[in-house]
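A.B. asks: This is protein_28.cif (mmCIF, C-alpha atoms).
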```
data_structure
#
loop_
_atom_site.group_PDB
_atom_site.id
_atom_site.type_symbol
_atom_site.label_atom_id
_atom_site.label_comp_id
_atom_site.auth_asym_id
_atom_site.auth_seq_id
_atom_site.Cartn_x
_atom_site.Cartn_y
_atom_site.Cartn_z
ATOM 1 C CA MET A 23 0.000 0.000 0.000
ATOM 2 C CA GLN A 24 1.434 3.373 -1.009
ATOM 3 C CA THR A 25 0.599 6.409 1.072
ATOM 4 C CA SER A 26 0.669 10.103 0.378
ATOM 5 C CA ALA A 27 3.176 12.425 2.070
ATOM 6 C CA LEU A 28 0.344 14.879 2.791
ATOM 7 C CA HIS A 29 -1.898 12.215 4.304
ATOM 8 C CA PRO A 30 0.344 9.319 5.427
ATOM 9 C CA ARG A 31 -2.548 7.021 6.293
ATOM 10 C CA ARG A 32 -4.444 7.633 3.054
ATOM 11 C CA GLU A 33 -3.896 5.330 0.120
ATOM 12 C CA PHE A 34 -3.190 7.028 -3.174
ATOM 13 C CA ALA A 35 -6.486 8.086 -4.669
ATOM 14 C CA GLN A 36 -7.804 6.546 -7.833
ATOM 15 C CA PRO A 37 -8.811 9.160 -10.433
ATOM 16 C CA GLY A 38 -12.507 8.970 -11.178
ATOM 17 C CA VAL A 39 -13.279 7.046 -7.975
ATOM 18 C CA ALA A 40 -15.076 9.156 -5.377
ATOM 19 C CA GLN A 41 -13.351 9.395 -2.043
ATOM 20 C CA GLN A 42 -14.565 10.784 1.275
ATOM 21 C CA VAL A 43 -13.018 14.181 1.995
ATOM 22 C CA HIS A 44 -13.554 16.028 5.276
ATOM 23 C CA LEU A 45 -13.430 19.803 4.940
ATOM 24 C CA ARG A 46 -13.948 22.508 7.561
ATOM 25 C CA ILE A 47 -15.394 25.535 5.792
ATOM 26 C CA ASN A 48 -16.218 28.738 7.680
ATOM 27 C CA GLY A 49 -16.349 26.825 10.955
ATOM 28 C CA THR A 50 -18.625 24.047 9.698
ATOM 29 C CA ASP A 51 -17.505 20.484 9.030
ATOM 30 C CA HIS A 52 -18.465 18.864 5.737
ATOM 31 C CA THR A 53 -17.884 15.341 4.448
ATOM 32 C CA LEU A 54 -18.026 15.029 0.677
ATOM 33 C CA ALA A 55 -17.586 12.161 -1.761
ATOM 34 C CA LEU A 56 -15.246 13.708 -4.339
ATOM 35 C CA ASP A 57 -13.128 12.615 -7.240
ATOM 36 C CA PRO A 58 -9.596 13.221 -5.912
ATOM 37 C CA ARG A 59 -8.974 15.573 -8.850
ATOM 38 C CA THR A 60 -11.714 17.974 -7.675
ATOM 39 C CA SER A 61 -10.381 21.464 -7.059
ATOM 40 C CA LEU A 62 -11.155 23.188 -3.787
ATOM 41 C CA LEU A 63 -13.001 25.833 -5.804
ATOM 42 C CA ASP A 64 -15.271 23.237 -7.420
ATOM 43 C CA ALA A 65 -15.857 21.538 -4.049
ATOM 44 C CA LEU A 66 -16.909 24.885 -2.579
ATOM 45 C CA ARG A 67 -19.078 26.094 -5.451
ATOM 46 C CA GLU A 68 -20.511 22.930 -6.991
ATOM 47 C CA HIS A 69 -20.719 20.587 -4.024
ATOM 48 C CA LEU A 70 -21.374 22.962 -1.109
ATOM 49 C CA GLY A 71 -23.095 25.916 -2.815
ATOM 50 C CA ILE A 72 -20.568 28.422 -1.424
ATOM 51 C CA THR A 73 -20.424 30.916 -4.269
ATOM 52 C CA GLY A 74 -18.278 33.729 -2.829
ATOM 53 C CA PRO A 75 -15.066 32.405 -4.401
ATOM 54 C CA LYS A 76 -15.428 32.987 -8.135
ATOM 55 C CA LYS A 77 -14.216 30.971 -11.079
ATOM 56 C CA GLY A 78 -12.569 33.693 -13.131
ATOM 57 C CA CYS A 79 -9.735 32.277 -15.185
ATOM 58 C CA ASN A 80 -9.497 28.817 -13.535
ATOM 59 C CA GLN A 81 -5.723 29.063 -14.094
ATOM 60 C CA GLY A 82 -4.536 30.960 -11.015
ATOM 61 C CA ALA A 83 -4.031 34.220 -12.891
ATOM 62 C CA CYS A 84 -6.869 36.458 -11.656
ATOM 63 C CA GLY A 85 -7.266 35.816 -7.912
ATOM 64 C CA ALA A 86 -11.091 35.768 -7.963
ATOM 65 C CA CYS A 87 -11.037 32.350 -6.262
ATOM 66 C CA THR A 88 -8.786 33.371 -3.349
ATOM 67 C CA VAL A 89 -9.730 31.892 0.023
ATOM 68 C CA LEU A 90 -7.871 31.477 3.310
ATOM 69 C CA ALA A 91 -6.539 28.062 4.291
ATOM 70 C CA ALA A 92 -5.292 27.959 7.870
ATOM 71 C CA GLY A 93 -5.070 31.757 7.630
ATOM 72 C CA GLN A 94 -2.974 31.847 4.455
ATOM 73 C CA ARG A 95 -4.294 33.005 1.101
ATOM 74 C CA ILE A 96 -4.520 30.365 -1.605
ATOM 75 C CA LEU A 97 -5.928 30.163 -5.101
ATOM 76 C CA SER A 98 -8.679 27.602 -4.694
ATOM 77 C CA CYS A 99 -8.833 26.881 -8.442
ATOM 78 C CA LEU A 100 -5.274 25.487 -8.292
ATOM 79 C CA ALA A 101 -5.729 23.537 -5.051
ATOM 80 C CA LEU A 102 -7.146 20.059 -4.786
ATOM 81 C CA ALA A 103 -9.853 19.783 -2.132
ATOM 82 C CA ILE A 104 -8.204 16.648 -0.758
ATOM 83 C CA GLN A 105 -5.027 18.657 0.022
ATOM 84 C CA TYR A 106 -6.913 20.746 2.567
ATOM 85 C CA GLU A 107 -8.590 17.971 4.482
ATOM 86 C CA GLY A 108 -8.797 18.952 8.135
ATOM 87 C CA GLN A 109 -7.600 22.549 7.637
ATOM 88 C CA GLU A 110 -9.797 25.542 8.362
ATOM 89 C CA ILE A 111 -10.923 27.131 5.081
ATOM 90 C CA THR A 112 -12.404 30.628 5.239
ATOM 91 C CA THR A 113 -14.289 32.175 2.346
ATOM 92 C CA ILE A 114 -15.825 35.641 2.122
ATOM 93 C CA GLU A 115 -18.994 34.146 3.622
ATOM 94 C CA GLY A 116 -17.086 33.266 6.792
ATOM 95 C CA LEU A 117 -15.715 36.748 7.483
ATOM 96 C CA ALA A 118 -18.875 38.475 8.682
ATOM 97 C CA HIS A 119 -19.690 37.871 12.336
ATOM 98 C CA GLU A 120 -23.255 37.672 13.677
ATOM 99 C CA GLY A 121 -24.630 39.710 10.782
ATOM 100 C CA GLU A 122 -21.945 42.407 11.075
ATOM 101 C CA LEU A 123 -19.665 42.967 8.115
ATOM 102 C CA HIS A 124 -15.978 42.323 8.624
ATOM 103 C CA PRO A 125 -14.244 45.741 9.010
ATOM 104 C CA LEU A 126 -12.444 45.195 5.693
ATOM 105 C CA GLN A 127 -15.753 44.554 3.922
ATOM 106 C CA ALA A 128 -17.105 47.796 5.388
ATOM 107 C CA ALA A 129 -13.969 49.666 4.239
ATOM 108 C CA PHE A 130 -14.473 48.349 0.693
ATOM 109 C CA ILE A 131 -18.006 49.766 0.745
ATOM 110 C CA ARG A 132 -16.908 53.141 2.160
ATOM 111 C CA HIS A 133 -14.183 53.539 -0.479
ATOM 112 C CA ASP A 134 -16.105 52.106 -3.456
ATOM 113 C CA GLY A 135 -13.539 49.324 -3.704
ATOM 114 C CA PHE A 136 -15.656 47.456 -6.212
ATOM 115 C CA GLN A 137 -17.825 48.020 -9.243
ATOM 116 C CA CYS A 138 -19.272 44.774 -10.566
ATOM 117 C CA GLY A 139 -18.104 42.972 -7.400
ATOM 118 C CA TYR A 140 -16.925 39.802 -9.121
ATOM 119 C CA CYS A 141 -13.355 40.085 -7.834
ATOM 120 C CA THR A 142 -14.282 41.510 -4.432
ATOM 121 C CA PRO A 143 -14.452 38.261 -2.410
ATOM 122 C CA GLY A 144 -11.002 37.265 -3.673
ATOM 123 C CA GLN A 145 -9.632 40.780 -3.115
ATOM 124 C CA ILE A 146 -10.842 40.803 0.492
ATOM 125 C CA CYS A 147 -9.630 37.284 1.351
ATOM 126 C CA SER A 148 -6.300 38.042 -0.317
ATOM 127 C CA THR A 149 -5.970 41.267 1.662
ATOM 128 C CA ILE A 150 -6.422 39.463 4.966
ATOM 129 C CA GLY A 151 -3.777 36.894 4.024
ATOM 130 C CA MET A 152 -1.464 39.584 2.661
ATOM 131 C CA LEU A 153 -1.649 41.634 5.857
ATOM 132 C CA ARG A 154 -0.721 38.530 7.858
ATOM 133 C CA GLU A 155 2.333 38.163 5.604
ATOM 134 C CA VAL A 156 3.264 41.807 6.245
ATOM 135 C CA GLU A 157 2.773 41.349 9.986
ATOM 136 C CA ALA A 158 5.046 38.286 9.874
ATOM 137 C CA GLY A 159 7.744 40.405 8.191
ATOM 138 C CA LEU A 160 7.747 38.472 4.912
ATOM 139 C CA PRO A 161 9.364 40.626 2.193
ATOM 140 C CA SER A 162 7.990 41.116 -1.308
ATOM 141 C CA ALA A 163 9.797 41.775 -4.582
ATOM 142 C CA VAL A 164 9.720 45.529 -3.874
ATOM 143 C CA SER A 165 10.660 45.483 -0.179
ATOM 144 C CA GLU A 166 13.561 47.875 0.345
ATOM 145 C CA ASP A 167 15.202 45.724 3.008
ATOM 146 C CA MET A 168 14.782 41.975 2.527
ATOM 147 C CA ALA A 169 16.103 41.326 6.037
ATOM 148 C CA ALA A 170 13.758 43.784 7.756
ATOM 149 C CA THR A 171 11.406 42.271 10.306
ATOM 150 C CA GLN A 172 8.940 45.131 10.050
ATOM 151 C CA ILE A 173 7.383 45.988 6.694
ATOM 152 C CA VAL A 174 5.848 49.377 5.920
ATOM 153 C CA LEU A 175 2.811 48.986 3.675
ATOM 154 C CA THR A 176 3.641 51.654 1.082
ATOM 155 C CA ASP A 177 1.623 52.004 -2.122
ATOM 156 C CA ALA A 178 4.333 50.131 -4.036
ATOM 157 C CA GLU A 179 4.372 47.357 -1.411
ATOM 158 C CA LEU A 180 0.569 47.082 -1.475
ATOM 159 C CA LYS A 181 0.357 46.992 -5.269
ATOM 160 C CA GLU A 182 3.059 44.329 -5.526
ATOM 161 C CA ARG A 183 1.502 42.146 -2.851
ATOM 162 C CA MET A 184 -1.993 42.399 -4.362
ATOM 163 C CA SER A 185 -0.857 42.070 -7.997
ATOM 164 C CA GLY A 186 -2.288 38.543 -8.221
ATOM 165 C CA ASN A 187 -5.818 39.881 -7.746
ATOM 166 C CA LEU A 188 -7.170 41.540 -10.863
ATOM 167 C CA CYS A 189 -10.121 43.924 -11.095
ATOM 168 C CA ARG A 190 -11.401 44.132 -14.630
ATOM 169 C CA CYS A 191 -13.498 47.189 -13.723
ATOM 170 C CA GLY A 192 -10.416 49.097 -12.590
ATOM 171 C CA ALA A 193 -11.542 49.885 -9.022
ATOM 172 C CA TYR A 194 -7.946 49.838 -7.806
ATOM 173 C CA VAL A 195 -8.013 53.348 -6.279
ATOM 174 C CA GLY A 196 -10.895 52.376 -3.986
ATOM 175 C CA ILE A 197 -9.397 48.955 -3.263
ATOM 176 C CA CYS A 198 -6.068 50.482 -2.192
ATOM 177 C CA ALA A 199 -7.801 53.143 -0.075
ATOM 178 C CA ALA A 200 -9.911 50.486 1.670
ATOM 179 C CA ILE A 201 -6.885 48.309 2.376
ATOM 180 C CA HIS A 202 -4.842 51.235 3.719
ATOM 181 C CA GLU A 203 -7.719 52.305 5.990
ATOM 182 C CA PHE A 204 -8.209 48.772 7.309
ATOM 183 C CA ALA A 205 -4.463 48.219 7.794
ATOM 184 C CA ALA A 206 -4.141 51.507 9.699
ATOM 185 C CA GLY A 207 -7.021 50.483 11.962
ATOM 186 C CA GLU A 208 -5.442 47.093 12.611
ATOM 187 C CA ALA A 209 -2.078 48.708 13.361
ATOM 188 C CA ALA A 210 -3.734 51.071 15.849
ATOM 189 C CA ARG A 211 -5.135 48.145 17.871
#
```
In structure tokens, what does this structure look like?
C.D. replies:
Amino acid sequence: MQTSALHPRREFAQPGVAQQVHLRINGTDHTLALDPRTSLLDALREHLGITGPKKGCNQGACGACTVLAAGQRILSCLALAIQYEGQEITTIEGLAHEGELHPLQAAFIRHDGFQCGYCTPGQICSTIGMLREVEAGLPSAVSEDMAATQIVLTDAELKERMSGNLCRCGAYVGICAAIHEFAAGEAAR
């Protein structure tokens, strides 16, 4: 019996043969019978009816499918659902709390950080993951000091870090303003 490095007790999956996958989405446990080749995006949208993550390019180029896996941003169209078994997955639907918008969602509204709204769930989830990267001191391609432990979120830094999330409507001015406002509020806490 061969086992997977990701799941040492799981036998290698047979393509086309449904397998039980246990996912924790927005705090709720789900058990699905999935072909092991099913993307996390398809598991969310087609099997669970969670439509916040969007299928834009389905090639990892637009960021519309971005969700948080164990707090880190991932492109759910490029991830297999089976890879994330047992990890906490958060989509845009899981950010609001008791009917109250997440502060970043409210900032997007205040700053008109969307037009058609198609990219907005991915933009917001990506922002949350990106700010965790900044807080952890992870440099980007434009960071002035790659060894610095504290990153200043300049416009150049923000644009580089969010460059994987495209807005076809061009609402970038509002998106950047919303992110800066939210980041400043988080820093003040």
A.B. asks: So what does the PyMOL selection byres ((chain A and resi 49-65) around 6) actually pick up in this one, as a ChimeraX atom specification?
C.D. replies: /A:38-48,66-69,98-99,101-103
A.B. asks: Skip region 128-141 of chain A itself and residues of its chain fewer than 3 positions away, then list as number ranges by chain all residues within 9 Å of it, counting all atoms listed in the file.
C.D. replies: A: 74-76, 78, 84-87, 123-125, 144-146, 187-201, 203-204
A.B. asks: Enter the distance from CA of Leu180 (chain A) to CA of Gln94 (chain A), in Å, rounded to one decimal.
C.D. replies: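 According to the coordinates, CA of Leu180 (chain A) and CA of Gln94 (chain A) are separated by 16.7 Å.
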A.B. asks: Rank nothing, just name the residue among A:Gly151, A:Pro161, A:Pro37, A:Pro143 nearest to Thr113 (chain A), using only C-alpha atoms.
C.D. replies: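 For Thr113 (chain A), the nearest of the candidates is A:Pro143.
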A.B. asks: Would you work out the distance separating CA of Ile111 (chain A) from CA of Gln127 (chain A), expressed in Å to one decimal?
C.D. replies: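 For CA of Ile111 (chain A) relative to CA of Gln127 (chain A), the distance reads 18.1 Å.
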A.B. asks: Which of these, A:Glu179, A:Ile72, A:Met184, A:Ser162, has the shortest distance to Arg95 (chain A) once you count all atoms listed in the file?
C.D. replies: A:Met184
A.B. asks: My list of candidates is A:Ser185, A:Leu100, A:Val174, A:Gly116. Which is closest to Gly82 (chain A) when distances are computed with all atoms listed in the file?
C.D. replies: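 Of the candidates, the smallest distance to Gly82 (chain A) is held by A:Leu100.
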A.B. asks: Determine the residue membership of the PyMOL selection byres ((chain A and resi 173) around 10) for the file above and supply it as a list in words.
C.D. replies: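 Applied to this file, the PyMOL selection byres ((chain A and resi 173) around 10) selects Glu155, Val156, Glu157, Ala158, Gly159, Leu160, Pro161, Ser162, Ser165, Glu166, Asp167, Met168, Ala169, Ala170, Thr171, Gln172, Val174, Leu175, Thr176 and Glu179 of chain A.
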A.B. asks: Report, in Å to a single decimal, how far apart CA of Leu126 (chain A) and CA of Met152 (chain A) are.
C.D. replies: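 Spanning CA of Met152 (chain A) to CA of Leu126 (chain A) is a straight-line distance of 12.7 Å.
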A.B. asks: Could you check which of A:Leu90, A:Ala83, A:Ala178, A:Val164 is closest to Leu117 (chain A), using all atoms listed in the file?
C.D. replies: A:Leu90
A.B. asks: Which is closest to Gly93 (chain A) among A:Cys79, A:Ala206, A:Ile150, A:Ile114, if we use only C-alpha atoms?
C.D. replies: A:Ile150
A.B. asks: Which residue is closest to Glu208 (chain A)? Choose from A:Arg183, A:Arg154, A:Ala163, A:Glu107 and count only C-alpha atoms.
C.D. replies: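 Ranked by minimum distance to Glu208 (chain A), first place goes to A:Arg154.
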